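Shown next, in structure tokens, is the structure this report addresses.
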Amino acid sequence: MTWRAVVALIVAASGAPGTRVAATERVRWHCGSSTVAFDGFGSAKVGMTVAEAERALRVSLTREREPGDGEPSVCSYYTTRALPGVAMMFLAGKLVRVDVTGPHRGTRGEEYCTAAGGRVGMSEGEILRLYPGIRVEPHPYLGWGHYLRVASPDGKYALIFETDETRTVTSFRGGLNEAVILIEGCG
């Protein structure tokens with residue numbers, strides 16, 4: 001599948017900003033505005049532009065640049081110092097995915113979580129208990145660790161938790177299924 005086809009699929013699936021998701025996640029852990037949902041991060045929702053996400057989160061987002069990088073490409077990541085460890089993927093100008101890593105300097109890595117309570121630092125067993133029926137897949141690059149993947153009830157969105165050789169969550173991401181499954185992100 002070409003990048004243009006992927007972009008067309010994701011843009012078509014993104015719908016209007018703030019589209020409601022019929023999620024079955026019950027809130028078990030409270031992260032306040034730092035909750036990663038199937039359809040966004042806090043008040044920033046899939047389908048929003050960078051400016052809309054900035055207003056929703058009340059932060060200034062900065063596009064991540066690579067050496068020799070010029071204008072924003074079809075796919076770009078944006079971050080802010082206000083949310084260390086959070087990167088937002090925008091495809092064709094629309095929010096499609098949120099990535100969370102941790103811990104970061106001055107943090108324990110637990111400040112961001114899903115509505116069900118999934119967060120960096122949890123064990124695979126804890127994630128499996130939060131999400132019965134979650135798909136466990138081998139990590140695509142490493143000889144250890146897993147991808148723990150859960151889809152929204154409509155299949156439009158997904159969450160993926162990545163674990164390491166100790167079966168501990170090192171990162172997770174959520175958003176449109178077509179964007180979340182991209183292993184290299186914008187790469």
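Residue numbering restarts at 1 in every chain; chains get A, B, ... in the order shown in the structure tokens, and ligands count up from 1 in that same order.
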Determine, for each residue of range 84-165 of chain A having at least one atom at most 12 Å from an atom of range 183-187 of chain A, the closest pair of atoms and their separation in Å to one decimal, counting only C-alpha atoms; order by chain and ascending number, as JSON lines.
{"residue": "A:Ala87", "atom": "CA", "partner": "A:Gly185", "partner_atom": "CA", "distance": 10.5}
{"residue": "A:Met88", "atom": "CA", "partner": "A:Gly185", "partner_atom": "CA", "distance": 10.2}
{"residue": "A:Met89", "atom": "CA", "partner": "A:Cys186", "partner_atom": "CA", "distance": 7.7}
{"residue": "A:Phe90", "atom": "CA", "partner": "A:Cys186", "partner_atom": "CA", "distance": 9.0}
{"residue": "A:Leu91", "atom": "CA", "partner": "A:Cys186", "partner_atom": "CA", "distance": 8.6}
{"residue": "A:Ala92", "atom": "CA", "partner": "A:Cys186", "partner_atom": "CA", "distance": 11.5}
{"residue": "A:Val96", "atom": "CA", "partner": "A:Gly185", "partner_atom": "CA", "distance": 10.7}
{"residue": "A:Arg97", "atom": "CA", "partner": "A:Gly185", "partner_atom": "CA", "distance": 9.0}
{"residue": "A:Val98", "atom": "CA", "partner": "A:Gly185", "partner_atom": "CA", "distance": 10.2}
{"residue": "A:Asp99", "atom": "CA", "partner": "A:Gly185", "partner_atom": "CA", "distance": 9.2}
{"residue": "A:His139", "atom": "CA", "partner": "A:Ile183", "partner_atom": "CA", "distance": 10.0}
{"residue": "A:Pro140", "atom": "CA", "partner": "A:Ile183", "partner_atom": "CA", "distance": 8.2}
{"residue": "A:Tyr141", "atom": "CA", "partner": "A:Ile183", "partner_atom": "CA", "distance": 9.5}
{"residue": "A:Tyr147", "atom": "CA", "partner": "A:Ile183", "partner_atom": "CA", "distance": 10.4}
{"residue": "A:Ile160", "atom": "CA", "partner": "A:Ile183", "partner_atom": "CA", "distance": 10.4}
{"residue": "A:Glu162", "atom": "CA", "partner": "A:Ile183", "partner_atom": "CA", "distance": 10.9}
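Close contacts of His146 in chain A, defined as residues with an atom at most 8 Å away when counting only C-alpha atoms, with chain neighbours fewer than 4 positions off set aside, comprise Val136, Glu137, Pro138, His139, Glu162, Thr163, Asp164 and Arg167 of chain A.
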What would the file look like if the residues just selected were written as a PDB file, in the first residue's frame with N, CA, C and O atoms?
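To be explicit, this is the file written out as part_1.pdb:
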ATOM      1  N   VAL A 136      -2.098 -10.386  21.806  1.00  0.00           N
ATOM      2  CA  VAL A 136      -0.675 -10.380  22.142  1.00  0.00           C
ATOM      3  C   VAL A 136       0.085 -10.837  20.901  1.00  0.00           C
ATOM      4  O   VAL A 136      -0.154 -11.927  20.388  1.00  0.00           O
ATOM      5  N   GLU A 137       0.978  -9.956  20.415  1.00  0.00           N
ATOM      6  CA  GLU A 137       1.743 -10.251  19.203  1.00  0.00           C
ATOM      7  C   GLU A 137       3.230 -10.136  19.518  1.00  0.00           C
ATOM      8  O   GLU A 137       3.617  -9.314  20.351  1.00  0.00           O
ATOM      9  N   PRO A 138       4.077 -10.917  18.857  1.00  0.00           N
ATOM     10  CA  PRO A 138       5.518 -10.759  19.061  1.00  0.00           C
ATOM     11  C   PRO A 138       5.948  -9.359  18.639  1.00  0.00           C
ATOM     12  O   PRO A 138       5.390  -8.794  17.696  1.00  0.00           O
ATOM     13  N   HIS A 139       6.930  -8.802  19.337  1.00  0.00           N
ATOM     14  CA  HIS A 139       7.464  -7.505  18.926  1.00  0.00           C
ATOM     15  C   HIS A 139       8.058  -7.667  17.533  1.00  0.00           C
ATOM     16  O   HIS A 139       8.778  -8.633  17.270  1.00  0.00           O
ATOM     17  N   GLU A 162       3.624  -1.482  24.030  1.00  0.00           N
ATOM     18  CA  GLU A 162       4.850  -2.201  23.708  1.00  0.00           C
ATOM     19  C   GLU A 162       5.531  -2.607  25.005  1.00  0.00           C
ATOM     20  O   GLU A 162       5.649  -1.802  25.921  1.00  0.00           O
ATOM     21  N   THR A 163       5.983  -3.875  25.061  1.00  0.00           N
ATOM     22  CA  THR A 163       6.695  -4.336  26.248  1.00  0.00           C
ATOM     23  C   THR A 163       8.115  -4.750  25.881  1.00  0.00           C
ATOM     24  O   THR A 163       8.419  -5.046  24.726  1.00  0.00           O
ATOM     25  N   ASP A 164       8.976  -4.802  26.911  1.00  0.00           N
ATOM     26  CA  ASP A 164      10.381  -5.161  26.716  1.00  0.00           C
ATOM     27  C   ASP A 164      10.641  -6.589  27.175  1.00  0.00           C
ATOM     28  O   ASP A 164       9.696  -7.348  27.414  1.00  0.00           O
ATOM     29  N   ARG A 167       8.867  -7.890  30.121  1.00  0.00           N
ATOM     30  CA  ARG A 167       7.405  -7.864  29.965  1.00  0.00           C
ATOM     31  C   ARG A 167       6.803  -6.638  30.668  1.00  0.00           C
ATOM     32  O   ARG A 167       5.716  -6.695  31.210  1.00  0.00           O
TER      33      ARG A 167
END
Practice task
For each of A:Arg58, A:Leu95, A:Thr170, A:Gly125, take the minimum atom-to-atom distance to Cys75 in chain A, counting only C-alpha atoms, then give the residue where this is smallest.
Solution key: A:Leu95
Handout entry: Exercise: Met122 in chain A partners within 8 Å, only C-alpha atoms, chain neighbours under 5 positions left out, as a ChimeraX atom specification
Key = /A:127,168-169
Output of the above residues as a PDB file, in the first residue's frame, restricted to N, CA, C and O atoms:
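Writing done, so here's result_11.pdb:
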ATOM      1  N   ILE A 127      -1.797  -5.324  32.157  1.00  0.00           N
ATOM      2  CA  ILE A 127      -2.506  -4.862  30.953  1.00  0.00           C
ATOM      3  C   ILE A 127      -3.530  -5.910  30.517  1.00  0.00           C
ATOM      4  O   ILE A 127      -4.666  -5.583  30.169  1.00  0.00           O
ATOM      5  N   THR A 168       7.540  -5.515  30.609  1.00  0.00           N
ATOM      6  CA  THR A 168       7.085  -4.252  31.187  1.00  0.00           C
ATOM      7  C   THR A 168       6.757  -3.286  30.064  1.00  0.00           C
ATOM      8  O   THR A 168       7.506  -3.188  29.089  1.00  0.00           O
ATOM      9  N   VAL A 169       5.665  -2.550  30.197  1.00  0.00           N
ATOM     10  CA  VAL A 169       5.262  -1.581  29.182  1.00  0.00           C
ATOM     11  C   VAL A 169       6.273  -0.434  29.142  1.00  0.00           C
ATOM     12  O   VAL A 169       6.538   0.212  30.151  1.00  0.00           O
TER      13      VAL A 169
END
Problem - range 34-36 of chain A environment, 12 Å, only C-alpha atoms, sequence neighbours closer than 4 positions dropped, as an MDAnalysis selection string - result: chainID A and resid 25 27:30 40:46 57 82:88 97:100 109:120 157:161 171:175
File dump, residues just selected, C-alpha atoms, as a PDB file, in the first residue's frame:
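Output saved as out.pdb:
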ATOM      1  CA  GLU A  25     -13.339   1.175  28.685  1.00  0.00           C
ATOM      2  CA  VAL A  27     -12.549   4.603  33.934  1.00  0.00           C
ATOM      3  CA  ARG A  28     -10.513   2.824  36.618  1.00  0.00           C
ATOM      4  CA  TRP A  29      -7.576   5.213  36.830  1.00  0.00           C
ATOM      5  CA  HIS A  30      -7.713   8.965  36.719  1.00  0.00           C
ATOM      6  CA  GLY A  40      -7.269  11.143  21.188  1.00  0.00           C
ATOM      7  CA  PHE A  41      -5.434  12.605  24.162  1.00  0.00           C
ATOM      8  CA  GLY A  42      -7.319  14.587  26.772  1.00  0.00           C
ATOM      9  CA  SER A  43      -9.432  17.136  24.933  1.00  0.00           C
ATOM     10  CA  ALA A  44      -7.438  16.762  21.674  1.00  0.00           C
ATOM     11  CA  LYS A  45      -9.389  14.421  19.398  1.00  0.00           C
ATOM     12  CA  VAL A  46      -8.581  12.503  16.240  1.00  0.00           C
ATOM     13  CA  LEU A  57      -4.854  21.187  25.199  1.00  0.00           C
ATOM     14  CA  ALA A  82       4.437  20.825  28.732  1.00  0.00           C
ATOM     15  CA  LEU A  83       3.799  17.112  28.019  1.00  0.00           C
ATOM     16  CA  PRO A  84       7.151  15.288  28.147  1.00  0.00           C
ATOM     17  CA  GLY A  85       6.963  11.863  26.557  1.00  0.00           C
ATOM     18  CA  VAL A  86       3.918  12.632  24.400  1.00  0.00           C
ATOM     19  CA  ALA A  87       4.158  12.896  20.622  1.00  0.00           C
ATOM     20  CA  MET A  88       1.164  13.532  18.362  1.00  0.00           C
ATOM     21  CA  ARG A  97      -2.277   9.064  16.675  1.00  0.00           C
ATOM     22  CA  VAL A  98      -0.781   9.818  20.098  1.00  0.00           C
ATOM     23  CA  ASP A  99       2.429   8.111  21.292  1.00  0.00           C
ATOM     24  CA  VAL A 100       3.480   7.954  24.962  1.00  0.00           C
ATOM     25  CA  GLY A 109       6.406   7.742  33.500  1.00  0.00           C
ATOM     26  CA  GLU A 110       3.015   7.157  35.101  1.00  0.00           C
ATOM     27  CA  GLU A 111       1.467  10.559  34.468  1.00  0.00           C
ATOM     28  CA  TYR A 112      -0.225   9.418  31.252  1.00  0.00           C
ATOM     29  CA  CYS A 113      -2.636   6.502  31.072  1.00  0.00           C
ATOM     30  CA  THR A 114      -5.613   5.087  29.242  1.00  0.00           C
ATOM     31  CA  ALA A 115      -9.148   5.347  30.606  1.00  0.00           C
ATOM     32  CA  ALA A 116      -8.823   1.763  31.856  1.00  0.00           C
ATOM     33  CA  GLY A 117      -5.551   2.593  33.634  1.00  0.00           C
ATOM     34  CA  GLY A 118      -2.939   1.211  31.221  1.00  0.00           C
ATOM     35  CA  ARG A 119       0.350   3.090  31.500  1.00  0.00           C
ATOM     36  CA  VAL A 120       4.125   2.875  31.091  1.00  0.00           C
ATOM     37  CA  TYR A 157      -9.424   2.925  16.625  1.00  0.00           C
ATOM     38  CA  ALA A 158      -6.771   0.952  18.529  1.00  0.00           C
ATOM     39  CA  LEU A 159      -4.334   1.053  21.426  1.00  0.00           C
ATOM     40  CA  ILE A 160      -0.964  -0.722  21.311  1.00  0.00           C
ATOM     41  CA  PHE A 161       1.197  -1.254  24.395  1.00  0.00           C
ATOM     42  CA  SER A 171       5.444   2.857  25.531  1.00  0.00           C
ATOM     43  CA  PHE A 172       1.916   2.906  24.189  1.00  0.00           C
ATOM     44  CA  ARG A 173      -0.031   4.631  21.464  1.00  0.00           C
ATOM     45  CA  GLY A 174      -3.626   5.200  20.485  1.00  0.00           C
ATOM     46  CA  GLY A 175      -5.632   6.628  17.618  1.00  0.00           C
TER      47      GLY A 175
END
Practice task
Could you jot down the CA of Thr79 in chain A to CA of Arg63 in chain A separation for me, Å, one decimal place?
Solution key: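 Computing the Euclidean distance for CA of Thr79 in chain A and CA of Arg63 in chain A yields 6.6 Å.
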Handout entry: Between CA of Thr101 in chain A and CA of Val180 in chain A, distance in Å (one decimal)
Key =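 CA of Thr101 in chain A sits 14.4 Å away from CA of Val180 in chain A.
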Practice task
Write out as a PyMOL selection string all residues of range 41-118 of chain A that backbone DSSP assigns to strand (DSSP E).
Solution key: chain A and resi 41+44-45+62-63+75-79+86-91+94-101+113-114
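Rounded to one decimal, CA of Val150 in chain A and CA of Lys94 in chain A lie 22.4 Å from each other.
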